[in-house]
$ cat protein03.cif   # mmCIF, C-alpha atoms
data_final
#
loop_
_atom_site.label_atom_id
_atom_site.label_comp_id
_atom_site.auth_asym_id
_atom_site.auth_seq_id
_atom_site.Cartn_x
_atom_site.Cartn_y
_atom_site.Cartn_z
CA MET H 1 105.78 44.07 108.62
CA LYS H 2 102.36 45.58 107.95
CA ARG H 3 101.05 42.11 107.04
CA PHE H 4 101.57 40.92 110.62
CA ARG H 5 98.74 43.25 111.61
CA ASP H 6 96.46 40.83 109.78
CA PRO H 7 95.57 38.10 112.38
CA VAL H 8 94.88 35.46 109.68
CA PHE H 9 98.33 35.99 108.15
CA ALA H 10 100.00 35.95 111.60
CA LEU H 11 98.13 32.72 112.46
CA ILE H 12 99.11 31.05 109.16
CA VAL H 13 102.80 31.93 109.74
CA TYR H 14 102.47 30.62 113.32
CA GLY H 15 100.92 27.37 112.02
CA ILE H 16 103.72 26.91 109.45
CA GLY H 17 106.31 27.59 112.15
CA LEU H 18 104.65 25.06 114.44
CA ILE H 19 104.72 22.42 111.67
CA ILE H 20 108.44 23.10 111.06
CA ILE H 21 109.16 22.85 114.81
CA SER H 22 107.18 19.57 115.02
CA PHE H 23 109.11 18.27 112.00
CA GLY H 24 112.37 19.21 113.76
CA TYR H 25 111.16 17.43 116.89
CA TYR H 26 110.96 14.25 114.83
CA PHE H 27 114.80 14.33 114.39
CA ILE H 28 115.83 14.76 118.04
CA PRO H 29 117.30 11.72 119.89
CA ASN H 30 114.66 9.22 121.02
CA ASP H 31 115.51 9.48 124.75
CA LEU H 32 114.63 13.22 124.62
CA LYS H 33 111.33 12.67 122.87
CA ASN H 34 108.60 13.16 125.47
CA ILE H 35 105.53 15.33 125.82
CA VAL H 36 107.20 17.72 128.30
CA ASN H 37 110.06 18.50 125.86
CA TYR H 38 107.62 18.88 122.96
CA ILE H 39 105.52 21.37 124.95
CA SER H 40 108.70 23.18 126.03
CA ILE H 41 109.97 23.52 122.41
CA THR H 42 106.63 24.66 120.99
CA GLY H 43 106.12 26.94 124.03
CA THR H 44 109.50 28.62 123.42
CA PHE H 45 108.66 29.01 119.74
CA SER H 46 105.25 30.50 120.60
CA SER H 47 106.81 33.00 123.03
CA VAL H 48 109.53 34.11 120.60
CA TYR H 49 106.99 34.31 117.76
CA GLY H 50 104.61 36.31 119.98
CA ILE H 51 107.37 38.82 120.83
CA LEU H 52 108.33 39.14 117.16
CA VAL H 53 104.71 39.70 116.09
CA ALA H 54 104.23 42.28 118.83
CA TYR H 55 107.42 44.08 117.73
CA ALA H 56 106.36 43.94 114.08
CA GLN H 57 102.97 45.36 114.96
CA ILE H 58 104.47 48.19 117.04
CA MET H 59 106.81 49.07 114.16
CA SER H 60 103.96 48.91 111.69
CA VAL H 61 101.76 51.19 113.82
CA ARG H 62 104.66 53.64 114.17
CA GLU H 63 105.22 53.62 110.42
CA THR H 64 101.53 54.30 109.82
CA ALA H 65 101.57 57.16 112.34
CA GLU H 66 104.61 58.70 110.67
CA ASN H 67 103.04 58.39 107.24
CA THR H 68 99.84 59.98 108.51
CA LYS H 69 101.86 62.83 110.05
CA LEU H 70 103.70 63.39 106.77
CA LYS H 71 100.45 63.40 104.83
CA ILE H 72 98.90 65.91 107.25
CA GLU H 73 101.97 68.15 106.98
CA LYS H 74 101.86 67.95 103.20
CA SER H 75 98.18 68.76 103.13
CA ASN H 76 98.72 71.70 105.54
CA LYS H 77 101.47 72.97 103.29
CA ARG H 78 99.14 72.70 100.31
CA VAL H 79 96.41 74.60 102.15
CA MET H 80 98.90 77.34 103.11
CA LYS H 81 100.08 77.48 99.51
CA ILE H 82 96.50 77.87 98.27
CA LEU H 83 95.90 80.61 100.87
CA SER H 84 99.13 82.37 99.86
CA VAL H 85 98.19 82.28 96.18
CA SER H 86 94.74 83.60 97.03
CA ASP H 87 96.25 86.43 99.15
CA LEU H 88 98.68 87.29 96.38
CA SER H 89 95.83 87.41 93.85
CA LYS H 90 93.93 89.69 96.21
CA ALA H 91 97.00 91.95 96.54
CA ILE H 92 97.49 92.05 92.77
CA LYS H 93 93.84 93.10 92.30
CA ILE H 94 94.21 95.94 94.83
CA ILE H 95 97.09 97.56 92.90
CA PRO H 96 95.10 98.91 89.89
CA GLU H 97 92.46 100.04 92.36
CA ILE H 98 95.04 102.17 94.22
CA GLN H 99 96.38 103.52 90.93
CA ASN H 100 92.85 104.53 89.88
CA TYR H 101 92.19 106.25 93.22
CA LEU H 102 95.48 108.15 92.92
CA SER H 103 94.72 109.23 89.36
CA ALA H 104 91.27 110.40 90.45
CA ASP H 105 92.78 112.29 93.44
CA LYS H 106 90.86 110.11 95.89
CA ASP H 107 93.77 110.06 98.31
CA GLU H 108 91.85 108.76 101.35
CA SER H 109 90.69 105.67 99.45
CA ALA H 110 94.14 105.20 97.91
CA LEU H 111 95.76 105.33 101.37
CA MET H 112 93.25 102.86 102.77
CA ARG H 113 93.90 100.37 99.97
CA LEU H 114 97.67 100.94 100.19
CA LYS H 115 97.48 99.92 103.83
CA ASP H 116 95.35 96.88 102.93
CA LEU H 117 97.94 95.88 100.36
CA LYS H 118 100.76 96.28 102.85
CA GLY H 119 98.79 94.26 105.42
CA ILE H 120 98.28 91.37 103.00
CA LEU H 121 101.97 91.27 102.07
CA LEU H 122 102.99 91.53 105.71
CA ASN H 123 100.73 88.58 106.63
CA LEU H 124 102.38 86.49 103.91
CA LYS H 125 105.70 87.00 105.69
CA PHE H 126 104.43 84.92 108.61
CA ILE H 127 103.69 81.83 106.49
CA LYS H 128 106.71 79.63 107.12
CA ASP H 129 106.17 77.48 104.03
CA ILE H 130 106.75 80.39 101.67
CA GLU H 131 109.49 81.99 103.77
CA GLU H 132 111.97 81.51 100.93
CA LEU H 133 109.85 83.79 98.72
CA THR H 134 108.91 86.40 101.32
CA SER H 135 112.46 86.82 102.57
CA ASP H 136 113.53 87.59 99.00
CA GLU H 137 115.06 91.07 98.71
CA LYS H 138 112.44 92.07 96.11
CA PHE H 139 109.64 91.29 98.56
CA VAL H 140 111.34 93.22 101.39
CA ASP H 141 111.92 96.17 99.03
CA ALA H 142 108.27 96.10 97.93
CA LEU H 143 107.08 96.19 101.56
CA ASN H 144 109.42 99.09 102.35
CA GLU H 145 108.38 101.01 99.24
CA LEU H 146 104.72 100.61 100.18
CA SER H 147 105.47 101.89 103.69
CA ILE H 148 107.34 104.92 102.35
CA HIS H 149 104.53 105.69 99.87
CA SER H 150 101.77 105.37 102.48
CA ALA H 151 103.72 107.57 104.91
CA ASN H 152 104.22 110.19 102.21
CA LEU H 153 100.60 110.05 101.07
CA SER H 154 99.41 110.33 104.65
CA LYS H 155 101.71 113.34 105.36
CA ALA H 156 100.57 115.03 102.14
CA MET H 157 96.94 114.57 103.18
CA MET H 158 97.65 116.03 106.62
CA GLY H 159 99.54 118.90 105.03
CA THR H 160 102.73 118.33 107.02
CA LYS H 161 104.70 117.69 103.83
CA THR H 162 103.97 118.85 100.30
CA GLY H 163 105.42 117.84 96.95
CA LEU H 164 104.01 114.33 96.59
CA ASN H 165 104.80 112.68 93.27
CA LYS H 166 101.81 110.43 92.64
CA SER H 167 103.11 109.22 89.31
CA LYS H 168 106.11 107.76 91.12
CA ILE H 169 103.75 105.78 93.40
CA ILE H 170 101.80 104.60 90.34
CA SER H 171 104.95 103.47 88.51
CA ASP H 172 106.37 101.77 91.63
CA LEU H 173 103.04 99.97 92.05
CA ASP H 174 103.41 98.70 88.47
CA ASN H 175 106.77 97.19 89.42
CA ILE H 176 105.37 95.68 92.60
CA GLU H 177 102.48 94.21 90.59
CA ASN H 178 104.96 92.56 88.23
CA GLN H 179 106.93 91.11 91.12
CA LEU H 180 103.79 89.79 92.82
CA ASN H 181 102.67 88.22 89.53
CA GLU H 182 106.07 86.55 89.37
CA PHE H 183 105.69 85.22 92.93
CA GLU H 184 102.16 84.03 92.21
CA GLY H 185 103.27 82.21 89.08
CA TYR H 186 106.12 80.60 90.96
CA LEU H 187 103.80 79.41 93.73
CA LYS H 188 101.18 78.17 91.28
CA TYR H 189 103.27 76.56 88.60
CA GLY H 190 106.82 76.41 89.94
CA ASN H 191 108.30 73.49 91.81
CA TYR H 192 107.48 75.15 95.10
CA ASP H 193 106.22 72.49 97.51
CA MET J 1 118.98 114.43 119.80
CA ILE J 2 120.00 111.48 117.65
CA GLU J 3 120.85 108.32 119.61
CA LYS J 4 124.39 107.03 119.28
CA LYS J 5 123.42 103.85 117.40
CA TYR J 6 121.57 105.89 114.75
CA ARG J 7 124.40 108.45 114.64
CA ASP J 8 126.85 105.61 113.92
CA LEU J 9 124.61 104.40 111.11
CA ILE J 10 124.27 107.92 109.66
CA ASP J 11 128.06 108.44 109.88
CA LYS J 12 128.62 105.27 107.89
CA LEU J 13 125.98 106.27 105.35
CA ILE J 14 127.54 109.73 104.88
CA GLN J 15 130.97 108.20 104.46
CA LYS J 16 129.83 105.58 101.95
CA SER J 17 127.61 108.03 100.06
CA LEU J 18 130.55 110.42 99.64
CA MET J 19 132.53 107.50 98.27
CA LYS J 20 129.65 106.93 95.77
CA LYS J 21 129.04 103.47 97.16
CA VAL J 22 125.37 103.88 98.10
CA SER J 23 122.55 103.55 95.57
CA TRP J 24 120.14 106.28 96.63
CA ASN J 25 116.72 106.38 94.98
CA LYS J 26 114.12 109.11 94.86
CA SER J 27 110.89 108.35 96.70
CA SER J 28 107.36 109.58 95.96
CA ARG J 29 108.31 112.94 97.43
CA GLU J 30 110.28 115.34 95.27
CA THR J 31 112.87 115.91 98.00
CA GLU J 32 113.11 112.52 99.66
CA TYR J 33 115.77 109.89 98.98
CA TYR J 34 115.84 106.32 100.17
CA VAL J 35 118.15 103.35 100.15
CA HIS J 36 117.13 99.71 100.37
CA PHE J 37 119.02 97.29 102.57
CA LYS J 38 118.66 93.53 102.87
CA LYS J 39 116.74 93.94 106.12
CA GLY J 40 115.08 97.32 105.73
CA SER J 41 115.35 100.80 104.32
CA PHE J 42 116.51 104.30 105.22
CA THR J 43 114.97 107.57 103.99
CA VAL J 44 116.18 111.13 104.31
CA ASP J 45 114.15 114.20 103.41
CA ASN J 46 114.55 117.98 103.39
CA TRP J 47 111.60 120.31 102.96
CA VAL J 48 110.16 123.74 103.71
CA ASN J 49 106.86 124.23 105.51
CA ASP J 50 105.51 127.62 106.61
CA SER J 51 108.93 129.20 105.96
CA SER J 52 110.65 126.71 108.30
CA VAL J 53 113.24 124.33 106.90
CA TYR J 54 113.23 120.72 108.08
CA VAL J 55 115.28 117.62 107.57
CA ASP J 56 114.24 114.14 108.69
CA PHE J 57 115.31 110.52 108.53
CA THR J 58 113.35 107.28 108.89
CA LEU J 59 114.66 103.78 109.41
CA ARG J 60 112.37 100.86 108.59
CA ASN J 61 112.79 97.13 109.21
CA ALA J 62 112.34 94.25 106.74
CA ASN J 63 108.55 94.42 107.25
CA GLY J 64 108.43 98.11 106.36
CA ILE J 65 107.69 99.04 109.97
CA GLU J 66 109.21 102.27 111.24
CA ILE J 67 112.00 101.71 113.75
CA VAL J 68 112.82 105.37 114.19
CA SER J 69 111.85 108.63 112.54
CA GLN J 70 113.27 111.98 113.62
CA THR J 71 112.69 115.49 112.28
CA PHE J 72 114.84 118.56 112.96
CA GLU J 73 114.02 122.17 112.22
CA LYS J 74 116.86 124.43 111.12
CA GLU J 75 116.16 127.31 113.52
CA SER J 76 115.39 125.39 116.68
CA ASN J 77 117.87 122.54 116.22
CA PRO J 78 120.72 123.81 114.03
CA GLU J 79 123.32 121.26 115.19
CA GLU J 80 121.27 118.14 114.43
CA PHE J 81 119.84 119.79 111.32
CA ASN J 82 123.29 120.49 109.86
CA TYR J 83 124.50 117.01 110.74
CA LEU J 84 121.59 115.30 109.00
CA PHE J 85 121.65 117.80 106.15
CA LYS J 86 125.18 116.57 105.38
CA LEU J 87 123.69 113.14 104.72
CA TYR J 88 120.85 114.66 102.73
CA LYS J 89 123.28 116.55 100.48
CA ALA J 90 125.42 113.44 100.04
CA ALA J 91 122.31 111.42 99.09
CA GLU J 92 121.08 114.09 96.68
CA GLU J 93 124.45 114.47 95.00
CA SER J 94 124.83 110.74 94.77
CA TYR J 95 121.35 110.38 93.22
CA ILE J 96 121.73 113.15 90.65
CA LYS J 97 125.36 112.15 90.06
CA VAL J 98 126.77 115.67 90.49
CA ASP J 99 130.45 114.72 90.63
CA GLU J 100 130.24 112.21 87.79
CA THR J 101 128.49 114.75 85.56
CA ILE J 102 130.98 117.53 86.34
CA SER J 103 134.01 115.32 85.79
CA SER J 104 132.55 113.97 82.54
CA ILE J 105 131.92 117.55 81.30
CA ILE J 106 135.44 118.63 82.32
CA ASN J 107 136.88 115.63 80.46
CA GLU J 108 134.84 116.57 77.41
CA LEU J 109 136.02 120.19 77.63
CA ASP J 110 139.64 119.06 77.94
CA GLU J 111 139.46 117.23 74.65
CA GLU J 112 140.48 118.92 71.41
CA ASP J 113 137.15 118.15 69.68
CA THR J 114 134.27 120.59 69.50
CA VAL J 115 131.83 120.13 72.36
CA GLY J 116 128.04 120.40 72.17
CA LYS J 117 125.72 119.47 69.34
CA ASP J 118 124.00 121.50 66.63
CA GLU J 119 120.29 121.78 67.09
CA GLU J 120 119.48 119.57 64.09
CA ASP J 121 121.77 116.82 65.48
CA VAL J 122 120.02 116.58 68.81
CA LEU J 123 117.16 114.38 67.65
CA PRO J 124 118.12 111.08 66.07
CA PHE J 125 115.29 111.29 63.48
#
$ encode --input "protein03.cif" --output "structure tokens"
Amino acid sequence: MKRFRDPVFALIVYGIGLIIISFGYYFIPNDLKNIVNYISITGTFSSVYGILVAYAQIMSVRETAENTKLKIEKSNKRVMKILSVSDLSKAIKIIPEIQNYLSADKDESALMRLKDLKGILLNLKFIKDIEELTSDEKFVDALNELSIHSANLSKAMMGTKTGLNKSKIISDLDNIENQLNEFEGYLKYGNYD
Amino acid sequence: MIEKKYRDLIDKLIQKSLMKKVSWNKSSRETEYYVHFKKGSFTVDNWVNDSSVYVDFTLRNANGIEIVSQTFEKESNPEEFNYLFKLYKAAEESYIKVDETISSIINELDEEDTVGKDEEDVLPF
């Protein structure tokens, strides 16, 4: 159908059709052979052919539009995937930073980075294309653990609650790092499209 | 005052915890326990601050955002405190496996064999 968008091709087909019609005209009874009937036959052919070409062109344009839409969607998905991988890499890099701050008793900095980490993971939840990954129980658990740890760290800093176990935060962060690495690998190299 | 919907949730948690059907975990606080759900988490904590005893619970959604968090002091709010403390005790016992440990020890004591290990047998090397 796409070929009918080419005027030369459409004209060639029209010419061939006209020759076939003229050839057919040769076989009609002699008393019907006159210029009016010839014009009427070729006119009918031209009209029908015109409608068919118009239809073919409309279909072809629609097909092209749909293909373009699909390509745009695919490219958007790819961009979102790249952004997600980049956000995950950023999150993974923050984890050792938080662990170092906690080990060095720099609680304010640790809390700030914990919140950054939570923010990045939370933003990933709003990317529809990776919804399957972010609605995974492990991801939900990681977000909740980060929230619990930041609340506890914040309360310990304010002095409303004592008895914070920083080594538990550090070990949980190790687990979260492993899970995020798994997600990143899946997005990068898995069949996630 | 705990709202009815949260009270229903806590009732169910107490019931299920007593039946040993809730996997409680310890959080980054020595006295806090939490449980993960498919769409969120629940924490319960009991602590002492300036000689006052408190118990609290926090419910979070799937994004880790707090839905509700309530704290009760023993002296000023004994009814709510005792109610929530029941859940806290159930969570603690479930986490440290009190009943399982006691019943395992009783079973061991009921057997004819000698219980306990000599000091030199404790380490495998």
$ atom_distance --input "protein03.cif" --atom1 "atom CA of H:Tyr26" --atom2 "atom CA of H:Leu52"
25.1 Å
$ residues_around --input "protein03.cif" --residues "J:Ser27" --least-positions-apart "5" --cutoff "12 Å" --atoms "all atoms listed in the file" --output "PyMOL selection string"
(chain H and resi 144-153+163-172) or (chain J and resi 32-36+41-45+92+95)
$ write_last_selection --input "protein03.cif" --atoms "C-alpha atoms" --output "CSV table (one decimal), in the coordinates of the input"
chain,number,residue,atom,x,y,z
H,144,ASN,CA,109.4,99.1,102.4
H,145,GLU,CA,108.4,101.0,99.2
H,146,LEU,CA,104.7,100.6,100.2
H,147,SER,CA,105.5,101.9,103.7
H,148,ILE,CA,107.3,104.9,102.4
H,149,HIS,CA,104.5,105.7,99.9
H,150,SER,CA,101.8,105.4,102.5
H,151,ALA,CA,103.7,107.6,104.9
H,152,ASN,CA,104.2,110.2,102.2
H,153,LEU,CA,100.6,110.0,101.1
H,163,GLY,CA,105.4,117.8,97.0
H,164,LEU,CA,104.0,114.3,96.6
H,165,ASN,CA,104.8,112.7,93.3
H,166,LYS,CA,101.8,110.4,92.6
H,167,SER,CA,103.1,109.2,89.3
H,168,LYS,CA,106.1,107.8,91.1
H,169,ILE,CA,103.8,105.8,93.4
H,170,ILE,CA,101.8,104.6,90.3
H,171,SER,CA,105.0,103.5,88.5
H,172,ASP,CA,106.4,101.8,91.6
J,32,GLU,CA,113.1,112.5,99.7
J,33,TYR,CA,115.8,109.9,99.0
J,34,TYR,CA,115.8,106.3,100.2
J,35,VAL,CA,118.2,103.4,100.2
J,36,HIS,CA,117.1,99.7,100.4
J,41,SER,CA,115.4,100.8,104.3
J,42,PHE,CA,116.5,104.3,105.2
J,43,THR,CA,115.0,107.6,104.0
J,44,VAL,CA,116.2,111.1,104.3
J,45,ASP,CA,114.2,114.2,103.4
J,92,GLU,CA,121.1,114.1,96.7
J,95,TYR,CA,121.4,110.4,93.2
$ resolve_selection --input "protein03.cif" --expression "the PyMOL selection byres ((chain J) within 6 of (chain H))" --output "ChimeraX atom specification"
/J:28-30,62,64
$ residues_around --input "protein03.cif" --residues "H:Glu97" --least-positions-apart "5" --cutoff "10 Å" --atoms "only C-alpha atoms" --output "list of chain:residue names"
H:Ile92, H:Leu102, H:Ser103, H:Ser109, H:Ala110, H:Arg113, H:Leu114
$ axis_aligned_box --input "protein03.cif" --around "stretch 17-25 of chain H" --padding-each-side "6 Å" --output "lines of an AutoDock Vina configuration file"
center_x = 108.5
center_y = 22.5
center_z = 114.0
size_x = 19.7
size_y = 22.2
size_z = 17.8
$ closest_residue --input "protein03.cif" --among "H:Asp87, H:Asp129, H:Asp174, H:Glu63" --to "H:Asp116" --atoms "all atoms listed in the file"
H:Asp87
$ residues_near_point --input "protein03.cif" --point "(124.9, 103.7, 98.7)" --cutoff "9 Å" --atoms "all atoms listed in the file" --output "list in words"
Leu13, Lys16, Ser17, Leu18, Met19, Lys20, Lys21, Val22, Ser23, Trp24, Val35, His36, Ala91 and Ser94 of chain J
$ atom_distance --input "protein03.cif" --atom1 "atom CA of H:Phe45" --atom2 "atom CA of H:Ile20"
10.5 Å
$ atom_distance --input "protein03.cif" --atom1 "atom CA of J:Leu59" --atom2 "atom CA of J:Asp11"
14.2 Å
$ resolve_selection --input "protein03.cif" --expression "the PyMOL selection byres ((chain H and resi 60) around 9)" --output "number ranges by chain"
H: 1-5, 55-59, 61-65
$ residues_around --input "protein03.cif" --residues "H:Tyr25" --least-positions-apart "6" --cutoff "9 Å" --atoms "only C-alpha atoms" --output "PyMOL selection string"
chain H and resi 33+38+41
$ write_last_selection --input "protein03.cif" --atoms "C-alpha atoms" --output "JSON list (two decimals), in the coordinates of the input"
[["chain", "number", "residue", "atom", "x", "y", "z"],
["H", 33, "LYS", "CA", 111.33, 12.67, 122.87],
["H", 38, "TYR", "CA", 107.62, 18.88, 122.96],
["H", 41, "ILE", "CA", 109.97, 23.52, 122.41]]
$ residues_around --input "protein03.cif" --residues "stretch 66-82 of chain J" --least-positions-apart "4" --cutoff "8 Å" --atoms "only C-alpha atoms" --output "list in words"
Met1, Ile2, Ser52, Val53, Tyr54, Val55, Asp56, Phe57, Thr58, Leu59, Arg60, Asn61 and Lys86 of chain J
$ build_atoms --input "protein03.cif" --residues "stretch 19-46 of chain H" --atoms "N, CA and C atoms" --output "PDB file, in the frame of the given file"
ATOM      1  N   ILE H  19     104.507  23.650 112.456  1.00  0.00           N
ATOM      2  CA  ILE H  19     104.720  22.420 111.670  1.00  0.00           C
ATOM      3  C   ILE H  19     106.220  22.156 111.529  1.00  0.00           C
ATOM      4  N   ILE H  20     106.982  23.250 111.228  1.00  0.00           N
ATOM      5  CA  ILE H  20     108.440  23.100 111.060  1.00  0.00           C
ATOM      6  C   ILE H  20     109.071  22.636 112.366  1.00  0.00           C
ATOM      7  N   ILE H  21     108.616  23.220 113.486  1.00  0.00           N
ATOM      8  CA  ILE H  21     109.160  22.850 114.810  1.00  0.00           C
ATOM      9  C   ILE H  21     108.852  21.362 115.083  1.00  0.00           C
ATOM     10  N   SER H  22     107.605  20.969 114.770  1.00  0.00           N
ATOM     11  CA  SER H  22     107.180  19.570 115.020  1.00  0.00           C
ATOM     12  C   SER H  22     108.015  18.604 114.158  1.00  0.00           C
ATOM     13  N   PHE H  23     108.285  19.070 112.918  1.00  0.00           N
ATOM     14  CA  PHE H  23     109.110  18.270 112.000  1.00  0.00           C
ATOM     15  C   PHE H  23     110.520  18.118 112.575  1.00  0.00           C
ATOM     16  N   GLY H  24     111.043  19.223 113.140  1.00  0.00           N
ATOM     17  CA  GLY H  24     112.370  19.210 113.760  1.00  0.00           C
ATOM     18  C   GLY H  24     112.391  18.276 114.960  1.00  0.00           C
ATOM     19  N   TYR H  25     111.282  18.274 115.684  1.00  0.00           N
ATOM     20  CA  TYR H  25     111.160  17.430 116.890  1.00  0.00           C
ATOM     21  C   TYR H  25     111.333  15.955 116.529  1.00  0.00           C
ATOM     22  N   TYR H  26     110.895  15.617 115.331  1.00  0.00           N
ATOM     23  CA  TYR H  26     110.960  14.250 114.830  1.00  0.00           C
ATOM     24  C   TYR H  26     112.417  13.756 114.776  1.00  0.00           C
ATOM     25  N   PHE H  27     113.391  14.711 114.549  1.00  0.00           N
ATOM     26  CA  PHE H  27     114.800  14.330 114.390  1.00  0.00           C
ATOM     27  C   PHE H  27     115.621  14.355 115.682  1.00  0.00           C
ATOM     28  N   ILE H  28     115.030  14.739 116.803  1.00  0.00           N
ATOM     29  CA  ILE H  28     115.830  14.760 118.040  1.00  0.00           C
ATOM     30  C   ILE H  28     115.985  13.326 118.581  1.00  0.00           C
ATOM     31  N   PRO H  29     117.057  13.084 119.385  1.00  0.00           N
ATOM     32  CA  PRO H  29     117.300  11.720 119.890  1.00  0.00           C
ATOM     33  C   PRO H  29     116.064  11.166 120.616  1.00  0.00           C
ATOM     34  N   ASN H  30     115.861   9.887 120.498  1.00  0.00           N
ATOM     35  CA  ASN H  30     114.660   9.220 121.020  1.00  0.00           C
ATOM     36  C   ASN H  30     114.469   9.395 122.526  1.00  0.00           C
ATOM     37  N   ASP H  31     115.645   9.362 123.295  1.00  0.00           N
ATOM     38  CA  ASP H  31     115.510   9.480 124.750  1.00  0.00           C
ATOM     39  C   ASP H  31     115.031  10.872 125.182  1.00  0.00           C
ATOM     40  N   LEU H  32     115.106  11.862 124.272  1.00  0.00           N
ATOM     41  CA  LEU H  32     114.630  13.220 124.620  1.00  0.00           C
ATOM     42  C   LEU H  32     113.181  13.458 124.144  1.00  0.00           C
ATOM     43  N   LYS H  33     112.700  12.504 123.389  1.00  0.00           N
ATOM     44  CA  LYS H  33     111.330  12.670 122.870  1.00  0.00           C
ATOM     45  C   LYS H  33     110.306  12.359 123.948  1.00  0.00           C
ATOM     46  N   ASN H  34     109.729  13.346 124.551  1.00  0.00           N
ATOM     47  CA  ASN H  34     108.600  13.160 125.470  1.00  0.00           C
ATOM     48  C   ASN H  34     107.711  14.392 125.396  1.00  0.00           C
ATOM     49  N   ILE H  35     106.531  14.257 125.956  1.00  0.00           N
ATOM     50  CA  ILE H  35     105.530  15.330 125.820  1.00  0.00           C
ATOM     51  C   ILE H  35     105.967  16.642 126.480  1.00  0.00           C
ATOM     52  N   VAL H  36     106.739  16.510 127.581  1.00  0.00           N
ATOM     53  CA  VAL H  36     107.200  17.720 128.300  1.00  0.00           C
ATOM     54  C   VAL H  36     108.144  18.530 127.393  1.00  0.00           C
ATOM     55  N   ASN H  37     109.111  17.804 126.741  1.00  0.00           N
ATOM     56  CA  ASN H  37     110.060  18.500 125.860  1.00  0.00           C
ATOM     57  C   ASN H  37     109.349  19.108 124.656  1.00  0.00           C
ATOM     58  N   TYR H  38     108.361  18.368 124.114  1.00  0.00           N
ATOM     59  CA  TYR H  38     107.620  18.880 122.960  1.00  0.00           C
ATOM     60  C   TYR H  38     106.908  20.198 123.321  1.00  0.00           C
ATOM     61  N   ILE H  39     106.240  20.160 124.498  1.00  0.00           N
ATOM     62  CA  ILE H  39     105.520  21.370 124.950  1.00  0.00           C
ATOM     63  C   ILE H  39     106.518  22.527 125.180  1.00  0.00           C
ATOM     64  N   SER H  40     107.683  22.166 125.753  1.00  0.00           N
ATOM     65  CA  SER H  40     108.700  23.180 126.030  1.00  0.00           C
ATOM     66  C   SER H  40     109.202  23.826 124.730  1.00  0.00           C
ATOM     67  N   ILE H  41     109.481  22.987 123.694  1.00  0.00           N
ATOM     68  CA  ILE H  41     109.970  23.520 122.410  1.00  0.00           C
ATOM     69  C   ILE H  41     108.915  24.403 121.749  1.00  0.00           C
ATOM     70  N   THR H  42     107.684  23.862 121.646  1.00  0.00           N
ATOM     71  CA  THR H  42     106.630  24.660 120.990  1.00  0.00           C
ATOM     72  C   THR H  42     106.284  25.908 121.818  1.00  0.00           C
ATOM     73  N   GLY H  43     106.365  25.779 123.145  1.00  0.00           N
ATOM     74  CA  GLY H  43     106.120  26.940 124.030  1.00  0.00           C
ATOM     75  C   GLY H  43     107.142  28.030 123.784  1.00  0.00           C
ATOM     76  N   THR H  44     108.432  27.639 123.683  1.00  0.00           N
ATOM     77  CA  THR H  44     109.500  28.620 123.420  1.00  0.00           C
ATOM     78  C   THR H  44     109.262  29.306 122.078  1.00  0.00           C
ATOM     79  N   PHE H  45     108.920  28.453 121.070  1.00  0.00           N
ATOM     80  CA  PHE H  45     108.660  29.010 119.740  1.00  0.00           C
ATOM     81  C   PHE H  45     107.505  30.024 119.801  1.00  0.00           C
ATOM     82  N   SER H  46     106.426  29.617 120.517  1.00  0.00           N
ATOM     83  CA  SER H  46     105.250  30.500 120.600  1.00  0.00           C
ATOM     84  C   SER H  46     105.609  31.823 121.262  1.00  0.00           C
TER      85      SER H  46
END
